[in-house]
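Here's my_file24.cif, which has mmCIF, C-alpha atoms:
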data_structure
#
loop_
_atom_site.label_atom_id
_atom_site.label_comp_id
_atom_site.auth_asym_id
_atom_site.auth_seq_id
_atom_site.Cartn_x
_atom_site.Cartn_y
_atom_site.Cartn_z
CA LEU A 196 87.81 69.31 145.89
CA LEU A 197 91.52 69.04 146.64
CA THR A 198 92.51 69.53 143.00
CA ARG A 199 90.25 72.60 142.78
CA GLU A 200 91.78 73.99 145.95
CA PHE A 201 95.25 73.32 144.57
CA ALA A 202 94.41 75.04 141.26
CA PHE A 203 92.98 78.00 143.17
CA GLY A 204 96.19 78.20 145.21
CA LEU A 205 98.28 78.23 142.03
CA GLU A 206 96.39 81.28 140.77
CA GLY A 207 97.75 83.34 143.65
CA ILE A 208 101.37 82.24 143.17
CA SER A 209 103.80 85.06 142.38
CA SER A 210 107.18 83.29 142.64
CA ILE A 211 108.35 79.77 141.84
CA GLN A 212 109.44 79.20 145.46
CA GLU A 213 105.81 79.61 146.57
CA ILE A 214 104.87 76.62 144.41
CA TRP A 215 107.04 74.30 146.49
CA GLY A 216 105.25 75.05 149.75
CA LEU A 217 101.85 74.48 148.13
CA ALA A 218 103.07 71.24 146.53
CA MET A 219 104.55 69.95 149.80
CA GLY A 220 101.29 70.53 151.59
CA MET A 221 98.73 69.26 149.09
CA LEU A 222 100.20 66.85 146.53
CA PRO A 223 100.52 63.88 148.92
CA SER A 224 96.80 64.10 149.74
CA ILE A 225 95.85 64.51 146.06
CA SER A 226 98.05 61.69 144.78
CA GLY A 227 98.15 59.13 147.57
CA PHE A 228 101.98 59.20 147.43
CA GLU A 229 103.19 59.98 150.93
CA ALA A 230 106.45 61.77 150.05
CA VAL A 231 107.17 64.78 147.85
CA ALA A 232 110.31 66.68 146.87
CA ALA A 233 111.29 69.59 144.64
CA TYR A 234 114.50 69.54 142.60
CA GLN A 235 115.85 72.69 140.95
CA ARG A 236 118.30 72.98 138.09
CA SER A 237 121.66 74.33 139.24
CA ILE A 238 124.33 76.35 137.44
CA PHE A 239 126.12 73.04 136.88
CA ASP A 240 123.18 71.79 134.79
CA ASP A 241 122.13 69.09 137.22
CA TYR A 242 119.09 68.76 139.47
CA VAL A 243 119.66 69.40 143.17
CA LEU A 244 117.19 68.77 146.00
CA PHE A 245 115.63 72.04 147.11
CA MET A 246 112.87 70.94 149.48
CA SER A 247 111.28 67.67 150.58
CA ARG A 248 108.61 66.33 152.88
CA LYS A 249 108.61 62.78 154.26
CA GLY A 250 110.62 60.05 152.60
CA ARG A 251 114.39 60.06 152.04
CA PHE A 252 115.25 61.72 148.75
CA ALA A 253 118.66 61.83 147.12
CA PRO A 254 120.43 65.22 147.42
CA ALA A 255 120.94 65.34 143.66
CA ILE A 256 119.90 63.51 140.50
CA PRO A 257 123.00 62.15 138.70
CA ARG A 258 123.42 63.33 135.12
CA THR A 259 123.93 59.75 133.97
CA SER A 260 120.74 58.42 135.57
CA ILE A 261 117.58 57.39 133.76
CA VAL A 262 115.64 59.80 136.00
CA ASP A 263 117.70 62.69 134.65
CA ARG A 264 116.99 61.65 131.07
CA ILE A 265 113.25 61.35 131.76
CA ILE A 266 113.12 64.75 133.46
CA ARG A 267 114.93 66.47 130.58
CA LYS A 268 112.26 65.22 128.17
CA GLY A 269 109.91 67.58 130.00
CA GLU A 270 106.92 65.24 130.18
CA PRO A 271 105.25 63.91 133.35
CA ALA A 272 105.88 60.22 134.05
CA ILE A 273 104.19 57.79 136.44
CA PHE A 274 106.06 54.68 137.61
CA ASP A 275 103.53 52.43 139.29
CA ARG A 276 104.20 49.06 140.90
CA TYR A 277 104.37 47.41 137.47
CA ARG A 278 106.50 49.96 135.63
CA MET A 279 109.03 50.12 138.48
CA GLY A 280 109.92 46.54 137.63
CA LEU A 281 111.15 47.63 134.19
CA PHE A 282 114.25 49.20 135.70
CA LEU A 283 117.29 47.55 137.15
CA GLU A 284 117.85 47.88 140.86
CA GLY A 285 119.33 51.26 141.76
CA THR A 286 118.48 53.01 138.48
CA LEU A 287 115.58 54.89 140.11
CA SER A 288 117.31 55.78 143.36
CA THR A 289 115.78 59.29 143.62
CA MET A 290 113.97 58.11 146.75
CA ASP A 291 115.25 55.37 149.05
CA ASN A 292 113.17 52.18 148.91
CA ALA A 293 110.77 53.72 146.39
CA ALA A 294 108.14 51.29 145.12
CA SER A 295 106.34 53.96 143.04
CA LEU A 296 107.32 57.39 141.69
CA VAL A 297 105.76 60.32 139.84
CA LEU A 298 108.01 62.78 138.00
CA MET A 299 106.57 66.24 137.27
CA PRO A 300 109.09 68.26 135.19
CA ILE A 301 108.69 72.04 135.16
CA VAL A 302 109.48 73.40 131.72
CA HIS A 303 110.31 77.01 130.84
CA GLU A 304 111.24 78.12 127.33
CA SER A 305 111.55 74.48 126.17
CA ARG A 306 113.95 73.64 128.99
CA THR A 307 113.32 71.64 132.17
CA VAL A 308 114.24 73.98 135.03
CA ALA A 309 112.89 71.98 137.97
CA CYS A 310 111.03 68.82 138.85
CA ILE A 311 108.57 67.74 141.53
CA VAL A 312 108.92 64.10 142.56
CA LEU A 313 106.22 62.13 144.35
CA GLY A 314 107.31 58.94 146.02
CA SER A 315 105.87 55.99 147.86
CA THR A 316 107.55 53.10 149.64
CA ALA A 317 104.35 51.10 149.06
CA PRO A 318 103.50 49.92 145.53
CA GLN A 319 100.91 52.23 143.98
CA LEU A 320 98.62 51.61 141.04
CA PRO A 321 96.83 54.90 140.13
CA ASP A 322 93.61 54.38 138.22
CA THR A 323 92.78 56.22 135.00
CA VAL A 324 91.12 59.14 136.82
CA LEU A 325 94.05 59.66 139.19
CA ARG A 326 96.54 59.42 136.33
CA GLY A 327 94.61 62.13 134.51
CA ILE A 328 94.61 64.30 137.63
CA LEU A 329 98.36 63.87 138.11
CA MET A 330 99.12 64.69 134.47
CA SER A 331 96.83 67.71 134.51
CA THR A 332 98.33 68.93 137.80
CA ALA A 333 101.86 68.55 136.42
CA PHE A 334 101.05 70.74 133.43
CA GLN A 335 99.30 73.31 135.66
CA ILE A 336 102.38 73.55 137.86
CA SER A 337 104.65 73.89 134.84
CA THR A 338 102.47 76.65 133.35
CA VAL A 339 102.40 78.68 136.57
CA ALA A 340 106.14 78.17 137.18
CA SER A 341 106.92 79.32 133.63
CA ARG A 342 104.83 82.45 134.20
CA CYS A 343 106.67 83.18 137.46
CA LEU A 344 110.08 82.67 135.86
CA LEU A 345 109.15 84.97 132.99
CA GLN A 346 107.98 87.64 135.45
CA GLU A 347 111.21 87.31 137.44
CA LYS A 348 113.24 87.62 134.23
CA LEU A 349 111.34 90.76 133.21
CA GLN A 350 111.79 92.21 136.70
CA ARG A 351 115.55 91.61 136.54
CA GLU A 352 115.67 93.31 133.15
CA ARG A 353 113.66 96.26 134.51
CA ASP A 354 115.96 96.51 137.53
CA ARG A 355 119.00 96.42 135.26
CA THR A 356 117.52 99.12 133.05
CA ARG A 357 116.70 101.25 136.10
CA SER A 358 120.29 100.89 137.31
CA TYR A 359 121.48 102.19 133.93
CA LEU A 360 119.08 105.12 134.18
CA ASP A 361 120.31 105.97 137.67
CA VAL A 362 123.93 106.31 136.56
CA ALA A 363 123.07 108.30 133.45
CA GLY A 364 123.60 111.64 135.21
CA VAL A 365 120.32 113.08 133.92
CA MET A 366 116.79 113.32 135.26
CA LEU A 367 114.44 110.92 133.48
CA VAL A 368 110.71 111.17 134.04
CA VAL A 369 107.62 109.69 132.39
CA VAL A 370 104.44 111.75 132.70
CA GLY A 371 101.12 110.26 131.57
CA ARG A 372 98.47 112.10 129.58
CA ASP A 373 96.80 113.10 132.85
CA GLY A 374 99.96 114.80 134.09
CA VAL A 375 100.69 112.11 136.68
CA ILE A 376 104.26 110.90 137.19
CA GLU A 377 104.50 107.26 136.13
CA MET A 378 108.28 106.84 136.47
CA ILE A 379 111.24 108.90 137.60
CA ASN A 380 114.79 107.67 138.03
CA ARG A 381 116.55 107.79 141.37
CA TYR A 382 118.94 110.50 140.19
CA GLY A 383 116.06 112.78 139.19
CA ALA A 384 114.14 112.22 142.42
CA LYS A 385 117.25 112.96 144.49
CA LEU A 386 117.90 116.10 142.44
CA LEU A 387 114.45 117.34 143.43
CA GLY A 388 114.94 116.36 147.06
CA TYR A 389 112.49 113.46 147.01
CA THR A 390 112.47 109.69 146.76
CA GLU A 391 110.91 107.87 143.81
CA THR A 392 108.04 106.74 146.04
CA ASP A 393 107.31 110.35 147.00
CA LEU A 394 106.79 111.34 143.37
CA ILE A 395 105.28 108.39 141.48
CA GLY A 396 101.52 108.83 141.30
CA ARG A 397 101.66 112.59 141.99
CA ASN A 398 100.80 115.33 139.51
CA TRP A 399 103.99 116.65 137.92
CA PHE A 400 102.69 120.16 137.28
CA GLU A 401 101.15 120.69 140.71
CA MET A 402 104.11 119.31 142.61
CA ILE A 403 107.21 120.16 140.56
CA VAL A 404 106.48 122.95 138.08
CA PRO A 405 106.71 126.45 139.66
CA GLU A 406 103.42 128.31 139.75
CA ALA A 407 104.76 131.21 137.67
CA VAL A 408 105.24 128.99 134.59
CA ARG A 409 102.72 126.24 135.35
CA GLU A 410 99.96 127.42 133.01
CA ASP A 411 102.33 127.81 130.06
CA ARG A 412 103.83 124.36 130.70
CA LEU A 413 100.38 122.77 130.90
CA VAL A 414 99.38 124.31 127.57
CA ALA A 415 102.59 123.04 125.94
CA PHE A 416 102.09 119.58 127.47
CA GLU A 417 98.52 119.33 126.18
CA GLN A 418 99.75 120.31 122.73
CA MET A 419 102.41 117.60 122.88
CA VAL A 420 100.07 114.76 123.86
CA SER A 421 97.46 115.90 121.31
CA GLY A 422 100.05 115.87 118.50
CA MET A 423 99.84 119.63 117.87
CA LEU A 424 103.43 120.27 118.96
CA ASN A 425 106.44 118.48 117.46
CA VAL A 426 108.84 117.67 120.30
CA GLU A 427 111.40 115.50 118.52
CA GLY A 428 114.88 117.03 118.67
CA ARG A 429 113.57 120.12 120.42
CA VAL A 430 115.40 121.49 123.50
CA TYR A 431 113.95 124.01 125.93
CA HIS A 432 114.77 125.44 129.33
CA GLY A 433 112.34 125.14 132.21
CA PRO A 434 112.58 125.46 136.00
CA VAL A 435 111.58 122.86 138.58
CA ARG A 436 110.59 123.36 142.20
CA CYS A 437 112.48 121.24 144.72
CA SER A 438 111.18 119.86 148.02
CA ASP A 439 112.78 122.72 149.98
CA GLY A 440 111.06 125.35 147.83
CA THR A 441 114.15 126.28 145.82
CA GLU A 442 114.14 126.19 142.02
CA LYS A 443 116.60 124.69 139.56
CA SER A 444 116.95 125.51 135.88
CA ILE A 445 116.77 122.41 133.70
CA ARG A 446 117.53 121.81 130.03
CA TRP A 447 114.82 119.47 128.74
CA ARG A 448 114.42 117.07 125.82
CA ASN A 449 111.10 115.32 125.27
CA SER A 450 109.87 112.26 123.41
CA LEU A 451 106.33 110.97 123.03
CA LEU A 452 105.42 107.63 124.57
CA ARG A 453 102.97 105.81 122.30
CA GLU A 454 100.61 102.88 122.69
CA GLU A 455 100.70 99.97 120.23
CA CYS A 456 97.79 101.54 118.34
CA GLY A 457 99.81 104.74 117.86
CA SER A 458 97.99 107.00 120.32
CA VAL A 459 100.09 109.10 122.70
CA ALA A 460 100.21 107.65 126.23
CA GLY A 461 102.46 110.30 127.74
CA VAL A 462 105.77 112.10 127.53
CA VAL A 463 109.27 110.89 128.36
CA SER A 464 111.50 113.77 129.42
CA SER A 465 115.22 113.90 130.10
CA GLY A 466 116.65 116.90 131.90
CA GLU A 467 120.03 118.15 133.02
CA ILE A 468 120.88 121.04 135.31
CA ILE A 469 121.90 124.24 133.53
CA PRO A 470 125.13 125.57 135.08
CA GLU A 471 124.71 128.92 136.85
CA GLU A 472 127.03 130.70 134.40
CA GLU A 473 124.64 129.85 131.56
CA ASN A 474 121.78 131.47 133.45
CA ARG A 475 123.55 134.81 133.85
#
Rewritten as structure tokens:
Amino acid sequence: LLTREFAFGLEGISSIQEIWGLAMGMLPSISGFEAVAAYQRSIFDDYVLFMSRKGRFAPAIPRTSIVDRIIRKGEPAIFDRYRMGLFLEGTLSTMDNAASLVLMPIVHESRTVACIVLGSTAPQLPDTVLRGILMSTAFQISTVASRCLLQEKLQRERDRTRSYLDVAGVMLVVVGRDGVIEMINRYGAKLLGYTETDLIGRNWFEMIVPEAVREDRLVAFEQMVSGMLNVEGRVYHGPVRCSDGTEKSIRWRNSLLREECGSVAGVVSSGEIIPEEENR
């Protein structure tokens, strides 16, 4: 029941830090090892204590230690009361007075990025079932952690891309086939007098396109997404309605956004304000 509850908890994890709290609370009960700690890889390529519960864990795992070498292999390891005797005194000093240890490396992109350590000051001898549970749990944790790290990496890349879009000096907007705004950069939203949150999810034509030209723009948009109108390299002028009711003349360039199968998912538009002297 505990392992099922732990697996269920992992399903709802969205960041690697959330794993540590779940591990601190449940792994001692699952494993029978009273102490647990999480080590994270630092910028100096060593493993530093991030969080612990019960027991006295070392603040860092020395690069020259056997524990470090085992962790870098990326495979779970159980040191019961018999296996602990294979090592010289002090070589497994991750936890003070440890009589048994479990190492659960967390691997992402073939690299150990963190490790959960279970410790006991009393000699432990996990049976075959418990060993299987510990190994399975270690791989579950590693899988979820890898997913979280990948999501965080993608989010950082998206944030970096958005920052580039915001300094581009042009309005960038993605409108889906249904006319709904899926993305607009901060510069474009500010130009219209809105925030990004105000606009995303709203209908572009009802909210931004002036009523006088709305029907013509809708017809052109439907032709674009249906493939009847070639938009590549084409430039056109079109007004937008701002939050205060005023209008701005914009020079637009469009590109089609396609799904993997080739169908059109929407339109990506870039626009820049037309100087007043060009409108005269």
Box dimensions and centre (Å, one decimal) enclosing segment 331-337 of chain A, axis-aligned, 3 Å extra per side, as JSON:
{"center_x": 100.7, "center_y": 70.8, "center_z": 135.6, "size_x": 13.8, "size_y": 12.2, "size_z": 10.4}
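Across A:Leu244, A:Val426, A:Val368, A:Val414, the tightest approach to Trp399 of chain A is made by A:Val368 when counting only C-alpha atoms.
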Using only C-alpha atoms, which residue out of A:Gly216, A:Pro271, A:Gly364, A:Gly466 lies closest to Val312 of chain A?
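The shortest atom-to-atom distance to Val312 of chain A comes from A:Pro271.
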On this file, the PyMOL selection byres ((chain A and resi 427-432) around 8) gives some set of residues; write that set as a PDB file with C-alpha atoms, keeping the file's coordinate frame.
ATOM      1  CA  ASN A 425     106.440 118.480 117.460  1.00  0.00           C
ATOM      2  CA  VAL A 426     108.840 117.670 120.300  1.00  0.00           C
ATOM      3  CA  GLY A 433     112.340 125.140 132.210  1.00  0.00           C
ATOM      4  CA  PRO A 434     112.580 125.460 136.000  1.00  0.00           C
ATOM      5  CA  SER A 444     116.950 125.510 135.880  1.00  0.00           C
ATOM      6  CA  ILE A 445     116.770 122.410 133.700  1.00  0.00           C
ATOM      7  CA  ARG A 446     117.530 121.810 130.030  1.00  0.00           C
ATOM      8  CA  TRP A 447     114.820 119.470 128.740  1.00  0.00           C
ATOM      9  CA  ARG A 448     114.420 117.070 125.820  1.00  0.00           C
ATOM     10  CA  ASN A 449     111.100 115.320 125.270  1.00  0.00           C
ATOM     11  CA  SER A 450     109.870 112.260 123.410  1.00  0.00           C
TER      12      SER A 450
END
Exercise: Arg412 of chain A partners within 12 Å, all atoms listed in the file, chain neighbours under 2 positions left out, as a PDB file with C-alpha atoms, in the frame of the given file:
ATOM      1  CA  GLY A 374      99.960 114.800 134.090  1.00  0.00           C
ATOM      2  CA  TRP A 399     103.990 116.650 137.920  1.00  0.00           C
ATOM      3  CA  PHE A 400     102.690 120.160 137.280  1.00  0.00           C
ATOM      4  CA  GLU A 401     101.150 120.690 140.710  1.00  0.00           C
ATOM      5  CA  ILE A 403     107.210 120.160 140.560  1.00  0.00           C
ATOM      6  CA  VAL A 404     106.480 122.950 138.080  1.00  0.00           C
ATOM      7  CA  PRO A 405     106.710 126.450 139.660  1.00  0.00           C
ATOM      8  CA  GLU A 406     103.420 128.310 139.750  1.00  0.00           C
ATOM      9  CA  ALA A 407     104.760 131.210 137.670  1.00  0.00           C
ATOM     10  CA  VAL A 408     105.240 128.990 134.590  1.00  0.00           C
ATOM     11  CA  ARG A 409     102.720 126.240 135.350  1.00  0.00           C
ATOM     12  CA  GLU A 410      99.960 127.420 133.010  1.00  0.00           C
ATOM     13  CA  VAL A 414      99.380 124.310 127.570  1.00  0.00           C
ATOM     14  CA  ALA A 415     102.590 123.040 125.940  1.00  0.00           C
ATOM     15  CA  PHE A 416     102.090 119.580 127.470  1.00  0.00           C
ATOM     16  CA  GLU A 417      98.520 119.330 126.180  1.00  0.00           C
ATOM     17  CA  GLN A 418      99.750 120.310 122.730  1.00  0.00           C
ATOM     18  CA  MET A 419     102.410 117.600 122.880  1.00  0.00           C
ATOM     19  CA  TYR A 431     113.950 124.010 125.930  1.00  0.00           C
ATOM     20  CA  HIS A 432     114.770 125.440 129.330  1.00  0.00           C
ATOM     21  CA  GLY A 433     112.340 125.140 132.210  1.00  0.00           C
ATOM     22  CA  PRO A 434     112.580 125.460 136.000  1.00  0.00           C
ATOM     23  CA  VAL A 435     111.580 122.860 138.580  1.00  0.00           C
TER      24      VAL A 435
END
Find the residues near segment 335-349 of chain A: any atom within 12 Å, counting all atoms listed in the file, skip ones fewer than 2 places away on the same chain, and give them as number ranges by chain.
A: 198-199, 201-215, 217-218, 222, 233, 235, 269-271, 299-311, 328-333, 351-356
Could you check the closest approach to Val370 of chain A for each of A:Ser260, A:Thr286, A:Ser458, A:Asn398 and tell me which residue wins, using all atoms listed in the file?
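Comparing A:Ser260, A:Thr286, A:Ser458, A:Asn398 against Val370 of chain A, the winner is A:Asn398.
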Hey, which of A:Pro318, A:Ile395, A:Val262, A:Gly250 ends up closest to Met279 of chain A? Count all atoms listed in the file.
A:Pro318
So what do you get for atom CA of Ser295 of chain A versus atom CA of Ile273 of chain A, distance-wise?
7.9 Å
Identify, on the basis of all atoms listed in the file, every residue whose closest approach to Ser247 of chain A does not exceed 9 Å; exclude the query and any residue fewer than 5 positions from it along the same chain; express the result as a list in words.
Trp215, Met219, Ala230, Val231, Ala232, Ala233, Tyr234 and Phe252 of chain A
